[in-house]
Amino acid sequence: MTVDTQFTVTRKDARIVVRAWGTGPRVIMIPSLGRGAGDFAAIAERVAAAGFRALCPEPRGLGGSTGPLEDITLHDYAQDIAAVIEADGGEPAVVAGHAFGNFVARTTAADFPKLVRAVVLLAATHTWPLAQPLRDSINKCHMMHLPEAERLKHLQHVFFAPGNDARVWLDGWDEAVMHAERAATEATPKPEWWTAGIAPVLDVLALNDPLSPPGSTTCYRDQWGADRVEIASIPNAAHALLPEQPAAVADAIVAYMKKLFA
């Protein structure tokens, strides 16, 4: 059994709390919009048990992490991740981001290529802009004043495949953090981060994800090249992915890391 430990990284005006599992080559895991590092706990434990070190930084505003939430860009979040890598030894690490977290992962790869061995995209959006019904559901999932039944309907619409229990995501949202992350994305020119620099990429697809409908699923491989982008597909999962199929997500990350660090 791996052991969950914790350490804190301070850089300029940010203080980042990091949960850590295991030893070995590192993977940094960045959560989705307005959510914390706890989303990765089950996956981190599995990755560590396979012989790797899993680091899960809490985003600014969550889990004891602090730092400005206004007038920032994705580059500020990337600097937080780079500081974590440097504080934990400095060797090039795999950076994995779930949904919004993959924006930060890509920015980190673009801004700090010497620190990033590869990028793992978990339930990345393959169509943009989003259809308005999808955007509406994403917004209403975390509106805590709405009736629980309505929130569950919207969670099921976007985040969970049929038959999977959306109740596990009724909690864990933070409005202030979510708005800060959205504003940072809008303040960052897309060409500065979208391609993840030139890092190798594992694109982990949730096959029931409405943000990655059929016909769009190979877009990153098509645009960036099959020599750079590998695809792993996970059935019975939608945009939440992590709570739906933690073992499958961990297996995909472990298999990819074994290739990278062979």
# chains A, B, ... in the order shown; residues from 1 in each chain; ligands from 1
>>> closest_atom_pairs(of="segment 169-204 of chain A", to="segment 153-165 of chain A", cutoff="12 Å", atoms="only C-alpha atoms", output="tab-separated table")
residue	atom	partner	partner_atom	distance
A:Trp169	CA	A:Leu155	CA	7.7
A:Leu170	CA	A:Leu155	CA	8.1
A:Asp171	CA	A:Leu155	CA	11.3
>>> write_last_selection(atoms="all heavy atoms", output="short mmCIF file (atom, residue, chain, number, x, y, z; two decimals), in the first residue's frame")
data_model
loop_
_atom_site.label_atom_id
_atom_site.label_comp_id
_atom_site.auth_asym_id
_atom_site.auth_seq_id
_atom_site.Cartn_x
_atom_site.Cartn_y
_atom_site.Cartn_z
N TRP A 169 -20.45 13.53 -7.55
CA TRP A 169 -19.94 14.85 -7.89
C TRP A 169 -20.90 15.97 -7.50
O TRP A 169 -20.77 17.10 -7.98
CB TRP A 169 -19.58 14.92 -9.38
CG TRP A 169 -18.11 14.75 -9.62
CD1 TRP A 169 -17.21 14.09 -8.85
CD2 TRP A 169 -17.38 15.27 -10.74
NE1 TRP A 169 -15.97 14.15 -9.41
CE2 TRP A 169 -16.03 14.86 -10.57
CE3 TRP A 169 -17.71 16.01 -11.86
CZ2 TRP A 169 -15.03 15.19 -11.48
CZ3 TRP A 169 -16.72 16.33 -12.78
CH2 TRP A 169 -15.39 15.93 -12.58
N LEU A 170 -21.85 15.69 -6.64
CA LEU A 170 -22.71 16.77 -6.16
C LEU A 170 -21.90 17.77 -5.33
O LEU A 170 -22.19 18.97 -5.33
CB LEU A 170 -23.85 16.21 -5.31
CG LEU A 170 -25.06 15.68 -6.09
CD1 LEU A 170 -26.01 14.95 -5.15
CD2 LEU A 170 -25.79 16.80 -6.83
N ASP A 171 -20.87 17.28 -4.65
CA ASP A 171 -20.01 18.14 -3.84
C ASP A 171 -18.63 18.29 -4.51
O ASP A 171 -18.34 17.63 -5.50
CB ASP A 171 -19.85 17.55 -2.43
CG ASP A 171 -21.17 17.47 -1.69
OD1 ASP A 171 -21.96 18.43 -1.80
OD2 ASP A 171 -21.42 16.44 -1.03
#
>>> residues_around(residues="segment 180-196 of chain A", least_positions_apart="4", cutoff="8 Å", atoms="only C-alpha atoms", output="compact mmCIF listing (two decimals) with N, CA and C atoms, in the first residue's frame")
# COMPACT_ATOMS: atom_id res chain seq x y z
N LEU A 33 -12.14 22.01 -13.77
CA LEU A 33 -12.60 23.36 -13.44
C LEU A 33 -13.30 23.41 -12.08
N GLY A 34 -12.74 24.21 -11.17
CA GLY A 34 -13.36 24.43 -9.88
C GLY A 34 -13.31 23.25 -8.93
N LEU A 69 -6.25 35.22 -7.46
CA LEU A 69 -7.25 34.63 -8.33
C LEU A 69 -7.79 35.63 -9.35
N GLU A 70 -7.25 36.83 -9.33
CA GLU A 70 -7.66 37.85 -10.29
C GLU A 70 -6.45 38.32 -11.08
N ASP A 71 -6.71 38.77 -12.30
CA ASP A 71 -5.65 39.29 -13.18
C ASP A 71 -4.54 38.27 -13.38
N ILE A 72 -4.90 37.02 -13.57
CA ILE A 72 -3.92 35.97 -13.85
C ILE A 72 -4.28 35.28 -15.17
N THR A 73 -3.34 34.50 -15.68
CA THR A 73 -3.54 33.76 -16.91
C THR A 73 -3.18 32.29 -16.67
N LEU A 74 -3.33 31.49 -17.71
CA LEU A 74 -2.91 30.09 -17.62
C LEU A 74 -1.42 29.99 -17.34
N HIS A 75 -0.66 30.99 -17.71
CA HIS A 75 0.79 30.97 -17.45
C HIS A 75 1.09 31.00 -15.96
N PHE A 103 -5.71 22.24 -19.89
CA PHE A 103 -5.25 23.55 -20.36
C PHE A 103 -3.98 23.95 -19.63
N ALA A 105 -1.94 21.84 -18.09
CA ALA A 105 -0.89 20.90 -18.48
C ALA A 105 -0.25 21.32 -19.80
N ARG A 106 -1.06 21.69 -20.76
CA ARG A 106 -0.52 22.12 -22.06
C ARG A 106 0.32 23.39 -21.92
N THR A 107 -0.17 24.33 -21.09
CA THR A 107 0.58 25.58 -20.90
C THR A 107 1.91 25.30 -20.24
N THR A 108 1.92 24.38 -19.28
CA THR A 108 3.18 24.02 -18.60
C THR A 108 4.17 23.44 -19.60
N ALA A 109 3.69 22.58 -20.49
CA ALA A 109 4.58 21.99 -21.50
C ALA A 109 5.11 23.05 -22.46
N ALA A 110 4.25 24.02 -22.81
CA ALA A 110 4.69 25.07 -23.72
C ALA A 110 5.69 26.01 -23.07
N VAL A 119 2.65 15.01 -21.92
CA VAL A 119 1.38 15.52 -21.42
C VAL A 119 0.31 14.45 -21.61
N ALA A 176 -15.62 30.36 -6.73
CA ALA A 176 -14.59 31.38 -6.90
C ALA A 176 -13.41 30.83 -7.71
N TRP A 224 -1.56 17.22 -34.79
CA TRP A 224 -0.21 17.27 -34.24
C TRP A 224 0.67 16.11 -34.69
>>> closest_residue(among="A:Leu146, A:Ile253, A:Val27, A:Val120", to="Ala93 of chain A", atoms="only C-alpha atoms")
A:Val27
>>> residues_around(residues="Ile231 of chain A", least_positions_apart="4", cutoff="10 Å", atoms="only C-alpha atoms", output="list in words")
Val120, Leu121, Val201, Leu202, Asp203, Val204, Leu205, Thr217, Thr218, Tyr220, Arg221, Ala226 and Ala252 of chain A
>>> write_last_selection(atoms="N, CA, C and O atoms", output="PDB file, in the first residue's frame")
ATOM      1  N   VAL A 120      -0.516  14.270 -20.575  1.00  0.00           N
ATOM      2  CA  VAL A 120      -1.663  13.368 -20.660  1.00  0.00           C
ATOM      3  C   VAL A 120      -2.931  14.208 -20.596  1.00  0.00           C
ATOM      4  O   VAL A 120      -3.154  14.936 -19.621  1.00  0.00           O
ATOM      5  N   LEU A 121      -3.742  14.110 -21.642  1.00  0.00           N
ATOM      6  CA  LEU A 121      -5.015  14.815 -21.700  1.00  0.00           C
ATOM      7  C   LEU A 121      -6.111  13.850 -21.262  1.00  0.00           C
ATOM      8  O   LEU A 121      -6.312  12.806 -21.887  1.00  0.00           O
ATOM      9  N   VAL A 201       2.172  13.441 -26.399  1.00  0.00           N
ATOM     10  CA  VAL A 201       0.838  13.560 -25.809  1.00  0.00           C
ATOM     11  C   VAL A 201       0.141  12.202 -25.793  1.00  0.00           C
ATOM     12  O   VAL A 201       0.159  11.469 -26.789  1.00  0.00           O
ATOM     13  N   LEU A 202      -0.469  11.880 -24.653  1.00  0.00           N
ATOM     14  CA  LEU A 202      -1.423  10.778 -24.568  1.00  0.00           C
ATOM     15  C   LEU A 202      -2.809  11.397 -24.426  1.00  0.00           C
ATOM     16  O   LEU A 202      -3.081  12.108 -23.461  1.00  0.00           O
ATOM     17  N   ASP A 203      -3.673  11.137 -25.386  1.00  0.00           N
ATOM     18  CA  ASP A 203      -5.031  11.672 -25.385  1.00  0.00           C
ATOM     19  C   ASP A 203      -5.969  10.567 -24.899  1.00  0.00           C
ATOM     20  O   ASP A 203      -6.252   9.610 -25.623  1.00  0.00           O
ATOM     21  N   VAL A 204      -6.424  10.683 -23.649  1.00  0.00           N
ATOM     22  CA  VAL A 204      -7.280   9.660 -23.048  1.00  0.00           C
ATOM     23  C   VAL A 204      -8.735  10.059 -23.265  1.00  0.00           C
ATOM     24  O   VAL A 204      -9.224  11.031 -22.690  1.00  0.00           O
ATOM     25  N   LEU A 205      -9.417   9.292 -24.101  1.00  0.00           N
ATOM     26  CA  LEU A 205     -10.781   9.602 -24.497  1.00  0.00           C
ATOM     27  C   LEU A 205     -11.795   8.862 -23.625  1.00  0.00           C
ATOM     28  O   LEU A 205     -11.681   7.652 -23.430  1.00  0.00           O
ATOM     29  N   THR A 217     -12.782  12.629 -32.359  1.00  0.00           N
ATOM     30  CA  THR A 217     -11.920  11.987 -31.370  1.00  0.00           C
ATOM     31  C   THR A 217     -10.462  11.883 -31.785  1.00  0.00           C
ATOM     32  O   THR A 217      -9.592  11.694 -30.936  1.00  0.00           O
ATOM     33  N   THR A 218     -10.173  12.002 -33.056  1.00  0.00           N
ATOM     34  CA  THR A 218      -8.772  11.922 -33.494  1.00  0.00           C
ATOM     35  C   THR A 218      -8.204  13.300 -33.835  1.00  0.00           C
ATOM     36  O   THR A 218      -7.141  13.387 -34.444  1.00  0.00           O
ATOM     37  N   TYR A 220      -6.640  15.740 -32.246  1.00  0.00           N
ATOM     38  CA  TYR A 220      -5.294  16.118 -31.831  1.00  0.00           C
ATOM     39  C   TYR A 220      -4.240  15.298 -32.576  1.00  0.00           C
ATOM     40  O   TYR A 220      -3.209  15.826 -32.995  1.00  0.00           O
ATOM     41  N   ARG A 221      -4.492  14.031 -32.751  1.00  0.00           N
ATOM     42  CA  ARG A 221      -3.549  13.213 -33.516  1.00  0.00           C
ATOM     43  C   ARG A 221      -3.473  13.681 -34.955  1.00  0.00           C
ATOM     44  O   ARG A 221      -2.389  13.750 -35.545  1.00  0.00           O
ATOM     45  N   ALA A 226       0.661  11.613 -35.725  1.00  0.00           N
ATOM     46  CA  ALA A 226       0.587  10.330 -35.045  1.00  0.00           C
ATOM     47  C   ALA A 226       1.901   9.959 -34.364  1.00  0.00           C
ATOM     48  O   ALA A 226       1.917   9.128 -33.450  1.00  0.00           O
ATOM     49  N   ALA A 252      -4.139   3.374 -18.065  1.00  0.00           N
ATOM     50  CA  ALA A 252      -3.690   4.086 -19.262  1.00  0.00           C
ATOM     51  C   ALA A 252      -2.460   4.933 -18.963  1.00  0.00           C
ATOM     52  O   ALA A 252      -1.506   4.966 -19.761  1.00  0.00           O
TER      53      ALA A 252
END
>>> select_by_dssp(residues="segment 98-257 of chain A", states="helix (DSSP H, G or I)", output="number ranges by chain")
A: 100-111, 132-141, 148-158, 166-169, 175-186, 190-192, 219-224, 246-257
>>> closest_residue(among="A:Ala149, A:His142, A:Arg117, A:Leu260", to="Val94 of chain A", atoms="only C-alpha atoms")
A:Arg117
>>> residues_around(residues="Gly64 of chain A", least_positions_apart="5", cutoff="9 Å", atoms="only C-alpha atoms", output="JSON, numbers by chain")
{"A": [15, 16, 17, 58, 59]}
>>> atom_distance(atom1="atom CA of Met178 of chain A", atom2="atom CA of Arg35 of chain A")
7.7 Å
>>> closest_residue(among="A:Ser32, A:Thr23, A:Ser65, A:Gln223", to="Ala44 of chain A", atoms="only C-alpha atoms")
A:Thr23
>>> closest_residue(among="A:Ser216, A:Thr125, A:Gln6, A:Gln132", to="Ala240 of chain A", atoms="only C-alpha atoms")
A:Thr125
>>> closest_residue(among="A:Asp251, A:Glu175, A:Asp227, A:Asp80", to="Thr8 of chain A", atoms="only C-alpha atoms")
A:Asp80
>>> residues_around(residues="Asp13 of chain A", least_positions_apart="4", cutoff="10 Å", atoms="only C-alpha atoms", output="number ranges by chain")
A: 66-68
>>> write_last_selection(atoms="all heavy atoms", output="short mmCIF file (atom, residue, chain, number, x, y, z; two decimals), in the first residue's frame")
data_model
loop_
_atom_site.label_atom_id
_atom_site.label_comp_id
_atom_site.auth_asym_id
_atom_site.auth_seq_id
_atom_site.Cartn_x
_atom_site.Cartn_y
_atom_site.Cartn_z
N THR A 66 -2.92 28.81 -1.86
CA THR A 66 -3.31 30.21 -1.94
C THR A 66 -2.56 30.89 -3.08
O THR A 66 -1.55 30.40 -3.57
CB THR A 66 -3.01 30.95 -0.63
OG1 THR A 66 -1.60 30.87 -0.36
CG2 THR A 66 -3.79 30.35 0.53
N GLY A 67 -3.07 32.05 -3.47
CA GLY A 67 -2.44 32.84 -4.52
C GLY A 67 -3.49 33.70 -5.17
O GLY A 67 -4.70 33.47 -5.02
N PRO A 68 -3.07 34.73 -5.90
CA PRO A 68 -4.04 35.62 -6.55
C PRO A 68 -4.98 34.84 -7.47
O PRO A 68 -4.57 33.92 -8.18
CB PRO A 68 -3.15 36.57 -7.36
CG PRO A 68 -1.83 36.55 -6.66
CD PRO A 68 -1.68 35.15 -6.14
#
>>> closest_residue(among="A:Pro243, A:Gly101, A:Pro57, A:Gly36", to="Trp21 of chain A", atoms="only C-alpha atoms")
A:Pro57
>>> select_by_dssp(residues="segment 16-142 of chain A", states="strand (DSSP E)", output="list in words")
Ile16, Val17, Val18, Arg19, Ala20, Trp21, Arg26, Val27, Ile28, Met29, Ile30, Arg53, Ala54, Leu55, Cys56, Pro57, Ala93, Val94, Val95, Ala96, Gly97, His98, Val116, Arg117, Ala118, Val119, Val120, Leu121 and Leu122 of chain A
>>> decode(residues="segment 187-198 of chain A", atoms="N, CA and C atoms", output="tab-separated table (two decimals), in the first residue's frame")
chain	number	residue	atom	x	y	z
A	187	ALA	N	-8.09	34.98	-20.67
A	187	ALA	CA	-7.05	36.01	-20.74
A	187	ALA	C	-5.77	35.51	-21.41
A	188	THR	N	-5.74	34.23	-21.81
A	188	THR	CA	-4.53	33.65	-22.39
A	188	THR	C	-4.75	33.35	-23.87
A	189	PRO	N	-3.99	33.97	-24.75
A	189	PRO	CA	-4.15	33.69	-26.18
A	189	PRO	C	-3.96	32.20	-26.48
A	190	LYS	N	-4.89	31.63	-27.21
A	190	LYS	CA	-4.88	30.19	-27.48
A	190	LYS	C	-3.57	29.70	-28.10
A	191	PRO	N	-2.97	30.42	-29.05
A	191	PRO	CA	-1.73	29.91	-29.65
A	191	PRO	C	-0.58	29.74	-28.65
A	192	GLU	N	-0.67	30.39	-27.49
A	192	GLU	CA	0.41	30.31	-26.50
A	192	GLU	C	0.44	28.98	-25.76
A	193	TRP	N	-0.65	28.19	-25.84
A	193	TRP	CA	-0.71	26.99	-25.02
A	193	TRP	C	-1.38	25.79	-25.68
A	194	TRP	N	-2.16	26.02	-26.70
A	194	TRP	CA	-3.06	24.98	-27.22
A	194	TRP	C	-2.34	23.70	-27.64
A	195	THR	N	-1.19	23.82	-28.27
A	195	THR	CA	-0.51	22.64	-28.81
A	195	THR	C	0.41	21.94	-27.82
A	196	ALA	N	0.46	22.43	-26.58
A	196	ALA	CA	1.34	21.84	-25.56
A	196	ALA	C	2.79	21.85	-25.99
A	197	GLY	N	3.19	22.93	-26.65
A	197	GLY	CA	4.56	23.01	-27.15
A	197	GLY	C	4.81	21.89	-28.14
A	198	ILE	N	5.86	21.12	-27.89
A	198	ILE	CA	6.18	19.99	-28.77
A	198	ILE	C	6.24	18.68	-27.98
